[in-house]
>>> print(open('upload.pdb').read())   # PDB, C-alpha atoms, pLDDT in the B column
MODEL        1
ATOM      1  CA  MET V   1      17.344  92.742 123.832  1.00 61.00           C
ATOM      2  CA  GLY V   2      17.507  89.294 122.273  1.00 75.00           C
ATOM      3  CA  LYS V   3      14.817  87.497 120.313  1.00 77.00           C
ATOM      4  CA  SER V   4      14.098  85.112 123.205  1.00 80.00           C
ATOM      5  CA  ASN V   5      13.479  88.012 125.622  1.00 86.00           C
ATOM      6  CA  LYS V   6      11.109  89.696 123.132  1.00 87.00           C
ATOM      7  CA  LEU V   7       9.251  86.419 122.705  1.00 88.00           C
ATOM      8  CA  LYS V   8       8.931  86.035 126.500  1.00 89.00           C
ATOM      9  CA  TYR V   9       7.519  89.570 126.841  1.00 89.00           C
ATOM     10  CA  ILE V  10       5.053  89.000 124.012  1.00 91.00           C
ATOM     11  CA  LEU V  11       3.885  85.714 125.570  1.00 89.00           C
ATOM     12  CA  ILE V  12       3.468  87.374 128.962  1.00 91.00           C
ATOM     13  CA  ILE V  13       1.423  90.206 127.454  1.00 92.00           C
ATOM     14  CA  ILE V  14      -0.760  87.755 125.507  1.00 91.00           C
ATOM     15  CA  SER V  15      -1.296  85.707 128.678  1.00 90.00           C
ATOM     16  CA  ILE V  16      -2.354  88.796 130.625  1.00 91.00           C
ATOM     17  CA  ILE V  17      -4.768  89.866 127.873  1.00 90.00           C
ATOM     18  CA  LEU V  18      -6.317  86.392 127.694  1.00 87.00           C
ATOM     19  CA  THR V  19      -6.697  86.250 131.483  1.00 87.00           C
ATOM     20  CA  LEU V  20      -8.397  89.647 131.609  1.00 83.00           C
ATOM     21  CA  THR V  21     -10.689  88.662 128.732  1.00 80.00           C
ATOM     22  CA  GLY V  22     -11.674  85.500 130.603  1.00 79.00           C
ATOM     23  CA  VAL V  23     -12.453  87.446 133.780  1.00 76.00           C
ATOM     24  CA  VAL V  24     -14.591  89.964 131.865  1.00 72.00           C
ATOM     25  CA  LEU V  25     -16.512  87.186 130.075  1.00 68.00           C
ATOM     26  CA  PHE V  26     -17.104  85.310 133.339  1.00 68.00           C
ATOM     27  CA  THR V  27     -18.378  88.456 135.047  1.00 59.00           C
ATOM     28  CA  THR V  28     -20.673  89.239 132.115  1.00 53.00           C
ATOM     29  CA  ILE V  29     -22.119  85.734 132.124  1.00 54.00           C
ATOM     30  CA  GLN V  30     -22.698  85.882 135.873  1.00 53.00           C
ATOM     31  CA  ASP V  31     -24.436  89.275 135.641  1.00 49.00           C
ATOM     32  CA  ASN V  32     -26.821  87.983 132.981  1.00 56.00           C
ATOM     33  CA  ASN V  33     -28.269  85.547 135.514  1.00 81.00           C
ATOM     34  CA  GLU V  34     -29.238  88.229 138.030  1.00 82.00           C
ATOM     35  CA  LEU V  35     -32.810  89.413 138.353  1.00 82.00           C
ATOM     36  CA  LYS V  36     -32.634  93.124 137.591  1.00 85.00           C
ATOM     37  CA  GLU V  37     -35.239  95.870 137.518  1.00 84.00           C
ATOM     38  CA  ASN V  38     -35.516  95.278 133.774  1.00 87.00           C
ATOM     39  CA  THR V  39     -34.489  91.805 132.645  1.00 90.00           C
ATOM     40  CA  VAL V  40     -34.778  90.794 128.980  1.00 91.00           C
ATOM     41  CA  ILE V  41     -34.794  87.116 128.027  1.00 90.00           C
ATOM     42  CA  GLU V  42     -34.554  85.959 124.443  1.00 89.00           C
ATOM     43  CA  ILE V  43     -36.800  82.995 123.669  1.00 87.00           C
ATOM     44  CA  ASP V  44     -35.436  80.798 120.894  1.00 83.00           C
ATOM     45  CA  GLY V  45     -36.959  77.341 121.098  1.00 83.00           C
ATOM     46  CA  ALA V  46     -37.447  75.733 124.506  1.00 86.00           C
ATOM     47  CA  THR V  47     -35.682  78.065 126.928  1.00 88.00           C
ATOM     48  CA  THR V  48     -34.793  77.672 130.596  1.00 90.00           C
ATOM     49  CA  LYS V  49     -33.210  80.496 132.562  1.00 91.00           C
ATOM     50  CA  THR V  50     -32.353  80.595 136.261  1.00 91.00           C
ATOM     51  CA  LEU V  51     -32.352  84.096 137.718  1.00 92.00           C
ATOM     52  CA  LYS V  52     -30.710  84.894 141.043  1.00 91.00           C
ATOM     53  CA  ALA V  53     -32.817  87.294 143.102  1.00 91.00           C
ATOM     54  CA  GLU V  54     -31.401  89.248 146.038  1.00 89.00           C
ATOM     55  CA  ILE V  55     -33.952  91.163 148.041  1.00 87.00           C
ATOM     56  CA  ASP V  56     -32.644  93.505 150.717  1.00 84.00           C
ATOM     57  CA  GLY V  57     -33.155  97.068 151.819  1.00 83.00           C
ATOM     58  CA  LEU V  58     -36.918  96.698 152.057  1.00 85.00           C
ATOM     59  CA  TYR V  59     -38.668  98.474 154.899  1.00 85.00           C
ATOM     60  CA  PRO V  60     -42.332  98.530 155.945  1.00 87.00           C
ATOM     61  CA  GLY V  61     -44.438 100.009 153.158  1.00 88.00           C
ATOM     62  CA  LYS V  62     -41.747  99.749 150.449  1.00 89.00           C
ATOM     63  CA  THR V  63     -42.243  97.873 147.168  1.00 93.00           C
ATOM     64  CA  GLU V  64     -39.562  96.813 144.701  1.00 93.00           C
ATOM     65  CA  GLU V  65     -40.666  95.953 141.181  1.00 95.00           C
ATOM     66  CA  TYR V  66     -38.862  93.796 138.618  1.00 95.00           C
ATOM     67  CA  VAL V  67     -39.924  93.416 134.984  1.00 96.00           C
ATOM     68  CA  ILE V  68     -38.989  90.401 132.864  1.00 94.00           C
ATOM     69  CA  SER V  69     -39.561  90.970 129.139  1.00 93.00           C
ATOM     70  CA  PHE V  70     -39.348  88.357 126.404  1.00 91.00           C
ATOM     71  CA  THR V  71     -38.004  88.808 122.893  1.00 90.00           C
ATOM     72  CA  GLY V  72     -37.866  86.424 119.961  1.00 86.00           C
ATOM     73  CA  ASP V  73     -40.034  84.985 117.230  1.00 83.00           C
ATOM     74  CA  ASN V  74     -43.508  83.720 118.111  1.00 84.00           C
ATOM     75  CA  ILE V  75     -43.070  84.387 121.832  1.00 83.00           C
ATOM     76  CA  LYS V  76     -46.834  84.352 122.326  1.00 83.00           C
ATOM     77  CA  ASP V  77     -46.854  80.639 121.400  1.00 86.00           C
ATOM     78  CA  TYR V  78     -44.789  79.639 124.439  1.00 90.00           C
ATOM     79  CA  LEU V  79     -46.053  78.384 127.795  1.00 92.00           C
ATOM     80  CA  ILE V  80     -44.241  80.288 130.565  1.00 93.00           C
ATOM     81  CA  THR V  81     -43.688  78.761 134.010  1.00 94.00           C
ATOM     82  CA  LEU V  82     -41.889  79.997 137.122  1.00 95.00           C
ATOM     83  CA  ASP V  83     -40.404  78.003 139.984  1.00 95.00           C
ATOM     84  CA  PHE V  84     -39.118  79.834 143.073  1.00 94.00           C
ATOM     85  CA  ASN V  85     -36.488  77.823 144.971  1.00 91.00           C
ATOM     86  CA  GLY V  86     -33.105  77.646 146.653  1.00 84.00           C
ATOM     87  CA  ASP V  87     -33.439  80.363 149.264  1.00 79.00           C
ATOM     88  CA  ASN V  88     -30.597  81.038 151.689  1.00 75.00           C
ATOM     89  CA  ASP V  89     -32.924  80.774 154.713  1.00 77.00           C
ATOM     90  CA  GLY V  90     -33.048  84.551 154.961  1.00 74.00           C
ATOM     91  CA  THR V  91     -35.738  85.630 157.407  1.00 76.00           C
ATOM     92  CA  LEU V  92     -37.023  88.309 155.042  1.00 82.00           C
ATOM     93  CA  LYS V  93     -38.963  85.649 153.110  1.00 85.00           C
ATOM     94  CA  ASN V  94     -41.413  85.463 156.019  1.00 84.00           C
ATOM     95  CA  PHE V  95     -42.401  89.124 155.674  1.00 85.00           C
ATOM     96  CA  ILE V  96     -42.551  89.744 151.911  1.00 91.00           C
ATOM     97  CA  GLU V  97     -45.737  89.754 149.841  1.00 94.00           C
ATOM     98  CA  VAL V  98     -45.246  88.991 146.150  1.00 95.00           C
ATOM     99  CA  GLU V  99     -47.440  89.917 143.205  1.00 97.00           C
ATOM    100  CA  ILE V 100     -46.744  88.307 139.832  1.00 96.00           C
ATOM    101  CA  LYS V 101     -48.554  90.111 137.003  1.00 96.00           C
ATOM    102  CA  THR V 102     -48.871  89.372 133.311  1.00 93.00           C
ATOM    103  CA  ASN V 103     -51.143  90.910 130.709  1.00 86.00           C
ATOM    104  CA  GLU V 104     -53.679  88.141 131.479  1.00 83.00           C
ATOM    105  CA  SER V 105     -53.400  87.358 135.191  1.00 89.00           C
ATOM    106  CA  SER V 106     -52.204  88.294 138.647  1.00 94.00           C
ATOM    107  CA  ILE V 107     -50.970  85.982 141.430  1.00 94.00           C
ATOM    108  CA  ASN V 108     -50.558  87.143 145.046  1.00 95.00           C
ATOM    109  CA  LYS V 109     -48.657  85.020 147.577  1.00 94.00           C
ATOM    110  CA  THR V 110     -46.055  85.425 150.268  1.00 92.00           C
ATOM    111  CA  LEU V 111     -42.461  84.798 149.256  1.00 92.00           C
ATOM    112  CA  ASN V 112     -42.330  81.911 151.715  1.00 91.00           C
ATOM    113  CA  GLU V 113     -45.362  80.286 150.001  1.00 92.00           C
ATOM    114  CA  LEU V 114     -43.702  80.669 146.598  1.00 93.00           C
ATOM    115  CA  LEU V 115     -40.436  79.143 147.831  1.00 92.00           C
ATOM    116  CA  GLU V 116     -42.251  76.169 149.342  1.00 90.00           C
ATOM    117  CA  GLY V 117     -44.852  75.865 146.603  1.00 83.00           C
ATOM    118  CA  ASP V 118     -45.309  74.278 143.246  1.00 85.00           C
ATOM    119  CA  LEU V 119     -44.534  75.369 139.731  1.00 91.00           C
ATOM    120  CA  ILE V 120     -46.471  78.483 138.672  1.00 93.00           C
ATOM    121  CA  SER V 121     -47.901  78.338 135.165  1.00 93.00           C
ATOM    122  CA  LEU V 122     -48.506  81.754 133.633  1.00 93.00           C
ATOM    123  CA  GLY V 123     -49.997  80.354 130.427  1.00 90.00           C
ATOM    124  CA  THR V 124     -49.311  81.330 126.835  1.00 90.00           C
ATOM    125  CA  GLY V 125     -49.294  84.782 125.260  1.00 89.00           C
ATOM    126  CA  VAL V 126     -47.054  86.220 127.978  1.00 92.00           C
ATOM    127  CA  THR V 127     -44.660  88.886 126.697  1.00 92.00           C
ATOM    128  CA  GLU V 128     -43.839  90.507 130.035  1.00 95.00           C
ATOM    129  CA  ILE V 129     -43.901  89.549 133.712  1.00 95.00           C
ATOM    130  CA  THR V 130     -43.895  92.082 136.541  1.00 97.00           C
ATOM    131  CA  ILE V 131     -42.860  90.769 139.954  1.00 96.00           C
ATOM    132  CA  SER V 132     -43.437  93.105 142.904  1.00 96.00           C
ATOM    133  CA  TYR V 133     -41.994  92.473 146.360  1.00 94.00           C
ATOM    134  CA  THR V 134     -43.690  94.422 149.142  1.00 94.00           C
ATOM    135  CA  MET V 135     -43.043  94.593 152.866  1.00 90.00           C
ATOM    136  CA  PRO V 136     -46.381  95.304 154.545  1.00 90.00           C
ATOM    137  CA  ILE V 137     -46.573  98.447 156.656  1.00 88.00           C
ATOM    138  CA  GLU V 138     -47.496  96.333 159.718  1.00 87.00           C
ATOM    139  CA  VAL V 139     -44.114  94.567 159.804  1.00 83.00           C
ATOM    140  CA  GLY V 140     -42.041  95.614 162.783  1.00 77.00           C
ATOM    141  CA  ASN V 141     -38.378  95.847 163.675  1.00 72.00           C
ATOM    142  CA  GLU V 142     -37.809  92.098 163.291  1.00 72.00           C
ATOM    143  CA  ALA V 143     -37.452  92.624 159.532  1.00 72.00           C
ATOM    144  CA  GLN V 144     -35.035  95.549 159.585  1.00 72.00           C
ATOM    145  CA  GLY V 145     -31.659  94.904 158.004  1.00 72.00           C
ATOM    146  CA  VAL V 146     -32.517  91.366 156.862  1.00 78.00           C
ATOM    147  CA  SER V 147     -32.338  89.978 153.346  1.00 81.00           C
ATOM    148  CA  VAL V 148     -33.052  86.882 151.290  1.00 86.00           C
ATOM    149  CA  VAL V 149     -31.390  85.340 148.244  1.00 89.00           C
ATOM    150  CA  PHE V 150     -33.281  82.840 146.097  1.00 92.00           C
ATOM    151  CA  TYR V 151     -33.598  81.634 142.514  1.00 93.00           C
ATOM    152  CA  ILE V 152     -36.395  81.874 139.987  1.00 93.00           C
ATOM    153  CA  GLU V 153     -36.301  79.187 137.330  1.00 94.00           C
ATOM    154  CA  LEU V 154     -38.141  80.437 134.275  1.00 94.00           C
ATOM    155  CA  GLU V 155     -39.093  78.026 131.516  1.00 94.00           C
ATOM    156  CA  ALA V 156     -40.598  78.745 128.118  1.00 92.00           C
ATOM    157  CA  LYS V 157     -41.750  75.812 125.998  1.00 90.00           C
ATOM    158  CA  THR V 158     -44.102  75.256 123.121  1.00 83.00           C
ATOM    159  CA  ILE V 159     -47.268  73.307 123.688  1.00 74.00           C
ATOM    160  CA  GLU V 160     -47.606  70.138 121.652  1.00 62.00           C
ATOM    161  CA  GLY V 161     -50.823  70.252 119.680  1.00 51.00           C
TER     162      GLY V 161
ENDMDL
END
>>> encode(input="upload.pdb", output="structure tokens")
Amino acid sequence: MGKSNKLKYILIIISIILTLTGVVLFTTIQDNNELKENTVIEIDGATTKTLKAEIDGLYPGKTEEYVISFTGDNIKDYLITLDFNGDNDGTLKNFIEVEIKTNESSINKTLNELLEGDLISLGTGVTEITISYTMPIEVGNEAQGVSVVFYIELEAKTIEG
């Protein structure tokens, strides 16, 4: 095998490794933007994070709970706001009741109200947010097998004194 053939094989192997590395990094970055059962967000200065939420598999009487925790220095000094937007017109939004809890407050609205509503200010001192999605027991067959995808834009900023 000549030197030029060895060089070609080495370049091909390096190209494959770089491509696979790129795919893994892209997948990791995409996964970090999903709302999971336990999501941790590091606050370092003014921080904005958009989380993709996919709600499906709910049935009457079922609740799914998601916890967003914050890490970083002086996190209690930040004002935390949420903005629900960008739904895919899934019909499930019409049936879901949402509770947003912090250590200081609780907000109860329908998912449809949140998606059509204004910015939600949770105040300062928030270290954890619990978001519960519940399908009321009264909901009938019209909600079976339906889902909704939407985005939650979370912003943490310091308050100017």
>>> residues_around(input="upload.pdb", residues="Gly145 in chain V", least_positions_apart="3", cutoff="12 Å", atoms="all atoms listed in the file", output="list of chain:residue names")
V:Ile55, V:Asp56, V:Gly57, V:Leu58, V:Tyr59, V:Pro60, V:Gly90, V:Thr91, V:Leu92, V:Gly140, V:Asn141, V:Glu142, V:Val148
>>> resolve_selection(input="upload.pdb", expression="the PyMOL selection byres ((chain V and resi 62-70) around 10)", output="number ranges by chain")
V: 35-43, 53, 55-61, 71-73, 75-76, 96-102, 126-137, 156
>>> atom_distance(input="upload.pdb", atom1="CA of Ile17 in chain V", atom2="CA of Ser4 in chain V")
20.0 Å
>>> resolve_selection(input="upload.pdb", expression="the PyMOL selection byres ((chain V and resi 118) around 12)", output="PyMOL selection string")
chain V and resi 81-85+112-117+119-121+153
>>> residues_around(input="upload.pdb", residues="Gly86 in chain V", least_positions_apart="2", cutoff="9 Å", atoms="all atoms listed in the file", output="PDB file with C-alpha atoms, in the frame of the given file")
ATOM      1  CA  PHE V  84     -39.118  79.834 143.073  1.00 94.00           C
ATOM      2  CA  ASN V  88     -30.597  81.038 151.689  1.00 75.00           C
ATOM      3  CA  ASP V  89     -32.924  80.774 154.713  1.00 77.00           C
ATOM      4  CA  LEU V 115     -40.436  79.143 147.831  1.00 92.00           C
ATOM      5  CA  VAL V 149     -31.390  85.340 148.244  1.00 89.00           C
ATOM      6  CA  PHE V 150     -33.281  82.840 146.097  1.00 92.00           C
ATOM      7  CA  TYR V 151     -33.598  81.634 142.514  1.00 93.00           C
ATOM      8  CA  ILE V 152     -36.395  81.874 139.987  1.00 93.00           C
TER       9      ILE V 152
END
>>> atom_distance(input="upload.pdb", atom1="CA of Thr47 in chain V", atom2="CA of Val23 in chain V")
26.0 Å
>>> atom_distance(input="upload.pdb", atom1="CA of Lys93 in chain V", atom2="CA of Gln144 in chain V")
12.5 Å
